[in-house]
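First the structure, in the form of structure tokens, and then the observations on it.
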Amino acid sequence: MKLEKNIRDKYIVVIGLEVHAQLQTESKIFAADATTFGDTPNTNISAITLGHPGTLPKFNRKALTYAIKMGLACNSEITRENIFDRKNYFYPDLPKGYQLTQDKTPICKGGYIKVKTRDNVEKQLTLHKIHLEEDAGKSLHLAGETDTLIDYNRAGVSLIEIVTEPVLRSSEEAGLFLAEVRKLVRYLEICDGNMEQGSLRCDANISVMLKDAAEYGEKVEIKNMNSIRNVQRAIEHEIERQIGAVEAGQQIISETRTFNADKGTTAGMRTKETLNDYRYFPDPDLSPVIVDETLLESIGREMPALPEALLEKFTAHYNLPEYDALFLTETKEMAAYFEAICKKQGHPKAVSNWMMGPVKSVLNENGWQITDFPIKAETMAALIQLVREGSVSFSAASQEIFPVLLENPDQTPLTIAENHNLIQQSDSNSIQPIIDEVIAQFPDKVKAYRHGKKGLIGMFMGEVMKKSKAKVDPKLTNELLRKTLG
Amino acid sequence: MITVSYSSLKAIQDDIKKGHLSCVSLVKYYLQNIEDKSHLNVFLEVYKEEALKKAEEVDQKFRQGTYGKLAGLVVGLKDLLCYKDHRIQAGSKILEGFESQISGTAVERLIAEDAIIIGRQNCDEFGMGSSNENSPFGPTLNEIDNSRVPGGSSGASAVSVQADMCQVALGSDTGGSVRQPAAFCGIIGLKPTYSRISRHGLIAYASSFDTIGIFSKSIEDNALVLEVIAGKDEYDSTVSKKEVENYTGALNFDKKVKVAYLKETFESEGLNDNIKEKTLNTLNFLRAEGHQVEEITFPLIKYALPTYYILTTAEASSNLSRYDGVKYGYRSPNTEDLLSMYKKSRSEAFGSEVIRRIMLGTFVLSASYYDAYYTKAQKVRRLIKDKTQSILSDYDFIIMPTTPTTAFKIGERKNDPLEMYLADLFTVQASVSGIPAISVPNGTDPEGLPVGLQIMTNDFKESELFSFSKYILDNQ
């Protein structure tokens, strides 16, 4: 059921995202419990987490710092007086019967995140707000069991919720936005950005409207998407469903729907939930959290270089193509590794070629991050240098020395090259005898070459390489060959 | 054997030091009183063995000269104050079987100074009530007249001091729950400035009003206990970081002060004539002593009670959401699914007053009525607080009766919540404003029932409140 393009083109798609990011604070937002993912259920649960009578929340200022970092990275306005509100509802995974969140005074207001679409169009996706809140516990429904089990380890883990304005117009933009958010939180080291484990979660609000319509259509909220790809699939499906319904003269119901990743479809949840009256009011157990100039300045000083700035540096300063720069700035660690090599080895494009070539394949093959890569930056610099100065050929370096280094990262590239007899001859005195030998071996070909069959140079090169076991500098050899052949 | 009750800890410590008394015999004396007067229904649990053991330890410390400031002080706790590894249930069936994993900061500080905790005391469920009748354990009786209530919600804690079952008791005061029972029982009851004492370990009724309060027979004991338990605490972000003053060292009073009383108080319809007269007598005494006593008007004060009930029920409806049968306490055995578990557990275990306040609070916070009630009440609270503080910048104290009537009969008001709420008429002003207030005995009415005098002052001026109260008690 794919809609005709001309029908789809009659509509504008309006998307707003709500992204929850679990902050990597060591303890919870209002309690000292640990926040490690995957701990034995119900082990990180103090009396505060469980909402025991008589307990009071105690605000973790680290969460504030992390949220402000995100706000600064998104050019948001930072709220100076922060009040936490209670969002009241009953659910077994919510120990206090209310969630502490920021309803009226989100820590960050406004701001934007920049993305670039496939058509190379740059868009600033405007944020509505970023606010701090606590996570709920997890309900576990085991197969064949009627009881629901609750794990409160996650209850009280600090979250930021990043809410966009309804400014996204396609699933592509949603995907780009999420990828950018993930990149940012990782750069800032405030969240691991892992969607599968749920440390980054996304809900999408979607509506469609005819191009000449004055008002937005009824919006539908989609939940339960655990990857960027699934967010895009869910949005695509929802766009088709909504336009299909409108075309068929049906009314879109404002509701919450859940995404089924196996089927790629969305289905309505109980509409009851949307009728909840959360009775927000300021939490009288927490005094207002004040952000002063000193705090803002010190956080500003701690801010790392952000992907956008690095991209600019990599294209302008290192003079790399944007394609290379994008790959090299994908993570902060990758960028740092690249720059560390460049510092020792002054040819960025050569370094980039190594990173985009042999290094990238090794990372992909092993499912590694650059942080798992065993070879030190200075060793890589030394290896690249061997090629650049002509001591070893690129193929010898990448196919012979590099694999050995992966196994024995403590050895130096030079030692390996020597041990494997890979140092190429790069002085004419040692290459010339080999050339002379080859010429003597193929008098007919020499004659043909001299009569104009210049293409034979490749054959001569191959023979010289073979005789020298590829240990000659190709550039110099080529020069000498041409001179000798006349 | 002890025959006369001690008026202060100082007298107890003096006798112990002279060898006339031991902590063990003192604890035995209280235990005997508790047993003899069990019909008053004061204690939900008595820590007999524990208290005796601790008494032996404190006796030992006396002998070694290493005793704490509160050595020899035997204290009772309202069933809203958490004490680690001891049961606590807020006078409610909903916390049946629950044992606290924490000790409140106030309780911990008492123990650190060698006070002995003797037991857990009855109260109105979650502190909601003015008569101690809203308890699944039955009403507590006033010792002076067993047909009458002791006041509430900390009624049993007041009676425990009145009937000499302990020297001091800690209660909690949200709208008068310490001052009103102190008045009904003829003892001293202090509600300090909001945020003076950490609320960590105090079960919440209405968080922005709740304070721990102190019952005692003497100003000295009250001042000493406040000195020990007040002050900053990392477990409560709303607690004041202001230094705690040396209250016991500043009890001498030798200056002339300015006292205000509200015209509206003395024109209140429900104010008992005898109480009115006694209060006016006190004001006249102060005039005669050369203090400046003036009448002022405060028309807005009539909104204090409705403001109090809107805001406290709003906070309570949320504070009590955690009691849902999921994690601890009572769970109805008749549940079929999640929704029925919530509904049945809560409606079977909460008493009718608690249910009434949860429903009121849920209503005033609901989207359609939020601005009309909650927002407006917050604004009125601010106005009352501002006006009260402006009065207290012109005057040192405000004086009024603690209650409009003396202790009423058990059952008399139980079925009329609005009349019951009037018992808080004079106490809610200090709660809405957050200022400190104390109730001290002011004689008895013709029936012999105690009358309370309420003295209020500005934020954190507990020291002045103590010395002025002592001056009135000693001289009038």
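A note on labels: chains of the structure tokens are A, B, ... as shown, every chain counts residues from 1, and ligands are counted from 1 in their shown order.
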
Distance-based interface of chain B with chain A, 7 Å, counting only C-alpha atoms, as a ChimeraX atom specification: /B:82,101,200-204,207-208,235-238,318,321-322,326,365-367

DSSP-assigned helix (DSSP H, G or I) among stretch 16-237 of chain B, expressed as a ChimeraX atom specification: /B:16-18,23-36,38-40,48-64,93-95,105-112,125-127,155-162,179-185,219-229

All residues 7 Å or closer to stretch 327-343 of chain B, only C-alpha atoms, same chain fewer than 5 positions away omitted, as a list in words: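 The neighbour list is Lys93, Ile94, Leu95, Glu96, Gly97, Phe98 and Ala349 of chain B.
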
Nearby residues (only C-alpha atoms) at most 8 Å from B:Ile88, same-chain spacing under 4 positions excluded, as a PyMOL selection string: chain B and resi 79-83+95+98-100+120

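Across B:Ile472, B:Ile144, B:Ile117, B:Leu360, the tightest approach to B:Glu289 is made by B:Ile472 when counting only C-alpha atoms.
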
Gap from atom CA of B:Gln180 to atom CA of B:Thr193 - Å, one decimal: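 Straight-line distance from atom CA of B:Gln180 to atom CA of B:Thr193 works out to 16.6 Å.
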
All strand (DSSP E or B) residues (DSSP, backbone) inside stretch 178-254 of chain B, as a VMD selection string: chain B and resid 188 to 191 202 211 to 216

Dump N, CA, C and O atoms for the selected residues as a compact mmCIF listing (two decimals), in the first residue's frame?
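Ended up saving to again_34.txt:
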# COMPACT_ATOMS: atom_id res chain seq x y z
N ILE B 188 3.07 22.81 77.24
CA ILE B 188 3.67 23.70 76.26
C ILE B 188 3.84 22.96 74.94
O ILE B 188 4.28 21.80 74.92
N GLY B 189 3.48 23.63 73.85
CA GLY B 189 3.67 23.02 72.53
C GLY B 189 4.24 24.04 71.56
O GLY B 189 3.68 25.11 71.39
N LEU B 190 5.37 23.70 70.95
CA LEU B 190 6.04 24.63 70.03
C LEU B 190 5.96 24.15 68.59
O LEU B 190 6.23 22.99 68.28
N LYS B 191 5.58 25.07 67.71
CA LYS B 191 5.77 24.88 66.27
C LYS B 191 6.85 25.86 65.86
O LYS B 191 6.62 27.07 65.88
N LEU B 202 10.11 12.60 58.72
CA LEU B 202 8.76 12.97 59.16
C LEU B 202 7.81 12.59 58.02
O LEU B 202 7.95 13.09 56.91
N THR B 211 5.84 20.85 60.10
CA THR B 211 7.02 21.05 60.93
C THR B 211 6.97 20.03 62.07
O THR B 211 5.88 19.64 62.49
N ILE B 212 8.11 19.63 62.52
CA ILE B 212 8.15 18.83 63.74
C ILE B 212 7.92 19.80 64.89
O ILE B 212 8.38 20.94 64.84
N GLY B 213 7.17 19.38 65.90
CA GLY B 213 6.91 20.25 67.04
C GLY B 213 7.27 19.55 68.34
O GLY B 213 7.45 18.32 68.36
N ILE B 214 7.41 20.35 69.40
CA ILE B 214 7.92 19.80 70.66
C ILE B 214 6.92 20.04 71.79
O ILE B 214 6.48 21.18 72.01
N PHE B 215 6.57 18.97 72.50
CA PHE B 215 5.73 19.07 73.71
C PHE B 215 6.62 18.99 74.94
O PHE B 215 7.49 18.10 75.01
N SER B 216 6.37 19.89 75.89
CA SER B 216 7.16 19.81 77.12
C SER B 216 6.38 20.44 78.27
O SER B 216 5.34 21.07 78.05

Long-range neighbours of A:Gly16 as a PyMOL selection string, 10 Å cut-off, only C-alpha atoms, 2 positions minimum in chain: chain A and resi 14+18-19+125-128+163-169+174+203-207+219+221

Selection export as a compact mmCIF listing (two decimals), in the first residue's frame, atoms kept: C-alpha atoms:
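Final output, saved to result06.txt:
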# COMPACT_ATOMS: atom_id res chain seq x y z
CA VAL A 14 4.29 17.86 10.49
CA GLU A 18 10.37 14.06 22.18
CA VAL A 19 13.74 12.50 22.90
CA LEU A 125 15.44 22.26 13.63
CA THR A 126 14.05 24.42 16.42
CA LEU A 127 13.76 23.07 19.94
CA HIS A 128 10.86 23.90 22.19
CA VAL A 163 11.31 18.45 22.79
CA THR A 164 11.31 19.92 19.28
CA GLU A 165 8.84 22.37 17.86
CA PRO A 166 6.63 20.74 15.17
CA VAL A 167 9.20 21.69 12.53
CA LEU A 168 10.28 18.37 11.05
CA ARG A 169 8.81 17.58 7.64
CA ALA A 174 13.68 12.82 12.02
CA ASP A 203 8.46 9.47 20.81
CA ALA A 204 7.15 11.11 17.65
CA ASN A 205 4.12 13.35 17.19
CA ILE A 206 2.89 13.22 13.61
CA SER A 207 0.13 14.94 11.71
CA LYS A 219 -1.69 14.73 15.88
CA GLU A 221 1.86 10.18 19.16

Could you list, as a PDB file with N, CA and C atoms, in the first residue's frame, every residue within 7 Å of stretch 312-316 of chain B, counting only C-alpha atoms and ignoring same-chain residues fewer than 6 positions away?
ATOM      1  N   TYR B 205       2.414  15.093  55.416  1.00  0.00           N
ATOM      2  CA  TYR B 205       0.993  15.352  55.200  1.00  0.00           C
ATOM      3  C   TYR B 205       0.943  16.471  54.145  1.00  0.00           C
ATOM      4  N   ALA B 206       1.400  17.668  54.497  1.00  0.00           N
ATOM      5  CA  ALA B 206       1.462  18.756  53.524  1.00  0.00           C
ATOM      6  C   ALA B 206       2.845  19.391  53.640  1.00  0.00           C
ATOM      7  N   SER B 207       3.705  19.043  52.693  1.00  0.00           N
ATOM      8  CA  SER B 207       5.132  19.329  52.810  1.00  0.00           C
ATOM      9  C   SER B 207       5.488  20.791  53.051  1.00  0.00           C
ATOM     10  N   ARG B 357      -9.824  14.307  52.375  1.00  0.00           N
ATOM     11  CA  ARG B 357      -8.798  15.296  52.013  1.00  0.00           C
ATOM     12  C   ARG B 357      -8.101  14.944  50.704  1.00  0.00           C
ATOM     13  N   ILE B 358      -7.901  13.654  50.440  1.00  0.00           N
ATOM     14  CA  ILE B 358      -7.300  13.268  49.156  1.00  0.00           C
ATOM     15  C   ILE B 358      -8.221  13.703  48.013  1.00  0.00           C
ATOM     16  N   LEU B 360     -10.547  16.095  48.052  1.00  0.00           N
ATOM     17  CA  LEU B 360     -10.543  17.558  47.977  1.00  0.00           C
ATOM     18  C   LEU B 360      -9.300  18.051  47.237  1.00  0.00           C
ATOM     19  N   GLY B 361      -8.164  17.496  47.619  1.00  0.00           N
ATOM     20  CA  GLY B 361      -6.885  17.915  47.043  1.00  0.00           C
ATOM     21  C   GLY B 361      -6.790  17.570  45.568  1.00  0.00           C
ATOM     22  N   THR B 362      -7.298  16.395  45.200  1.00  0.00           N
ATOM     23  CA  THR B 362      -7.287  15.989  43.796  1.00  0.00           C
ATOM     24  C   THR B 362      -8.162  16.947  42.993  1.00  0.00           C
ATOM     25  N   VAL B 364      -8.917  20.171  43.745  1.00  0.00           N
ATOM     26  CA  VAL B 364      -8.376  21.525  43.570  1.00  0.00           C
ATOM     27  C   VAL B 364      -7.152  21.570  42.646  1.00  0.00           C
ATOM     28  N   LEU B 365      -6.536  20.402  42.421  1.00  0.00           N
ATOM     29  CA  LEU B 365      -5.399  20.368  41.489  1.00  0.00           C
ATOM     30  C   LEU B 365      -5.823  20.000  40.068  1.00  0.00           C
TER      31      LEU B 365
END

Top pick for closest residue to B:Ile275, considering B:Asp445, B:Glu50, B:Glu57, B:Asp124 and counting only C-alpha atoms: B:Asp445

Exercise: A:Pro304 partners within 12 Å, only C-alpha atoms, chain neighbours under 6 positions left out, as a PyMOL selection string: chain A and resi 69-70+72-73+184-190+310+332-333+335-336

Output all heavy atoms for every residue in the selection just made, as a CSV table (one decimal), in the first residue's frame.
chain,number,residue,atom,x,y,z
A,69,LYS,N,24.9,21.6,29.7
A,69,LYS,CA,25.9,21.3,28.5
A,69,LYS,C,25.1,21.1,27.2
A,69,LYS,O,25.4,21.6,26.2
A,69,LYS,CB,26.7,20.1,28.8
A,69,LYS,CG,27.9,20.4,29.7
A,69,LYS,CD,28.8,19.1,29.8
A,69,LYS,CE,30.0,19.5,30.7
A,69,LYS,NZ,30.9,18.3,30.9
A,70,MET,N,24.0,20.3,27.3
A,70,MET,CA,23.2,20.0,26.2
A,70,MET,C,22.6,21.3,25.7
A,70,MET,O,22.6,21.6,24.5
A,70,MET,CB,22.2,19.0,26.5
A,70,MET,CG,21.4,18.5,25.3
A,70,MET,SD,22.5,17.6,24.1
A,70,MET,CE,21.4,17.2,22.8
A,72,LEU,N,23.7,24.4,26.1
A,72,LEU,CA,24.7,25.3,25.4
A,72,LEU,C,25.0,24.8,24.0
A,72,LEU,O,25.2,25.5,23.1
A,72,LEU,CB,25.9,25.3,26.3
A,72,LEU,CG,25.8,26.0,27.7
A,72,LEU,CD1,27.1,26.0,28.4
A,72,LEU,CD2,25.3,27.5,27.5
A,73,ALA,N,25.1,23.4,23.9
A,73,ALA,CA,25.4,22.8,22.6
A,73,ALA,C,24.3,23.1,21.6
A,73,ALA,O,24.5,23.1,20.4
A,73,ALA,CB,25.6,21.3,22.7
A,184,LEU,N,25.7,14.5,19.6
A,184,LEU,CA,26.0,15.5,20.5
A,184,LEU,C,26.1,15.0,22.0
A,184,LEU,O,27.0,15.3,22.7
A,184,LEU,CB,24.8,16.5,20.5
A,184,LEU,CG,24.9,17.7,19.5
A,184,LEU,CD1,23.7,18.5,19.6
A,184,LEU,CD2,26.2,18.5,19.8
A,185,VAL,N,25.2,14.1,22.4
A,185,VAL,CA,25.2,13.6,23.8
A,185,VAL,C,26.5,12.8,24.0
A,185,VAL,O,27.1,12.8,25.1
A,185,VAL,CB,24.0,12.8,24.2
A,185,VAL,CG1,22.8,13.7,24.2
A,185,VAL,CG2,23.8,11.6,23.4
A,186,ARG,N,26.9,12.1,22.9
A,186,ARG,CA,28.2,11.4,23.1
A,186,ARG,C,29.4,12.3,23.1
A,186,ARG,O,30.3,12.1,23.9
A,186,ARG,CB,28.3,10.4,21.9
A,186,ARG,CG,27.4,9.2,22.1
A,186,ARG,CD,27.5,8.3,20.9
A,186,ARG,NE,26.6,7.1,21.1
A,186,ARG,CZ,26.3,6.2,20.2
A,186,ARG,NH1,26.7,6.4,18.9
A,186,ARG,NH2,25.6,5.2,20.5
A,187,TYR,N,29.4,13.4,22.3
A,187,TYR,CA,30.5,14.3,22.3
A,187,TYR,C,30.6,15.0,23.7
A,187,TYR,O,31.6,15.2,24.3
A,187,TYR,CB,30.2,15.4,21.3
A,187,TYR,CG,31.1,15.3,20.1
A,187,TYR,CD1,30.7,14.4,19.1
A,187,TYR,CD2,32.2,16.0,19.9
A,187,TYR,CE1,31.5,14.3,17.9
A,187,TYR,CE2,33.0,15.9,18.7
A,187,TYR,CZ,32.6,15.0,17.8
A,187,TYR,OH,33.4,14.9,16.7
A,188,LEU,N,29.4,15.3,24.3
A,188,LEU,CA,29.3,15.9,25.6
A,188,LEU,C,29.6,15.0,26.7
A,188,LEU,O,29.7,15.4,27.9
A,188,LEU,CB,28.0,16.6,25.8
A,188,LEU,CG,27.6,17.8,24.8
A,188,LEU,CD1,26.2,18.1,24.9
A,188,LEU,CD2,28.5,19.0,25.1
A,189,GLU,N,29.6,13.7,26.4
A,189,GLU,CA,29.7,12.6,27.4
A,189,GLU,C,28.7,12.7,28.5
A,189,GLU,O,29.0,12.6,29.7
A,189,GLU,CB,31.1,12.6,28.0
A,189,GLU,CG,32.2,12.3,26.9
A,189,GLU,CD,33.6,12.3,27.5
A,189,GLU,OE1,33.9,11.4,28.3
A,189,GLU,OE2,34.4,13.2,27.1
A,190,ILE,N,27.4,13.0,28.1
A,190,ILE,CA,26.4,13.1,29.1
A,190,ILE,C,25.4,11.9,29.0
A,190,ILE,O,24.6,11.7,29.9
A,190,ILE,CB,25.6,14.4,29.0
A,190,ILE,CG1,24.9,14.5,27.6
A,190,ILE,CG2,26.5,15.6,29.2
A,190,ILE,CD1,24.0,15.7,27.5
A,310,LEU,N,34.3,21.0,14.7
A,310,LEU,CA,35.3,20.1,14.2
A,310,LEU,C,35.2,19.9,12.7
A,310,LEU,O,36.2,19.9,12.0
A,310,LEU,CB,35.2,18.8,15.0
A,310,LEU,CG,35.9,18.7,16.3
A,310,LEU,CD1,35.8,17.3,16.9
A,310,LEU,CD2,37.3,19.1,16.3
A,332,LYS,N,33.8,11.9,18.9
A,332,LYS,CA,34.8,12.7,19.5
A,332,LYS,C,36.2,12.0,19.5
A,332,LYS,O,37.2,12.5,19.2
A,332,LYS,CB,34.4,13.1,20.9
A,332,LYS,CG,35.4,14.1,21.6
A,332,LYS,CD,34.7,14.8,22.7
A,332,LYS,CE,34.6,13.9,23.9
A,332,LYS,NZ,34.1,14.8,25.1
A,333,GLU,N,36.1,10.7,19.8
A,333,GLU,CA,37.3,9.8,20.0
A,333,GLU,C,38.0,9.7,18.6
A,333,GLU,O,39.2,9.7,18.5
A,333,GLU,CB,36.9,8.5,20.6
A,333,GLU,CG,36.4,8.5,22.0
A,333,GLU,CD,35.0,9.1,22.2
A,333,GLU,OE1,34.3,9.1,21.2
A,333,GLU,OE2,34.7,9.5,23.3
A,335,ALA,N,37.8,11.7,16.1
A,335,ALA,CA,38.4,13.0,15.7
A,335,ALA,C,39.7,13.2,16.5
A,335,ALA,O,40.7,13.6,15.9
A,335,ALA,CB,37.4,14.1,16.0
A,336,ALA,N,39.7,12.8,17.8
A,336,ALA,CA,40.9,13.0,18.6
A,336,ALA,C,42.0,12.1,18.1
A,336,ALA,O,43.2,12.5,18.0
A,336,ALA,CB,40.6,12.7,20.0
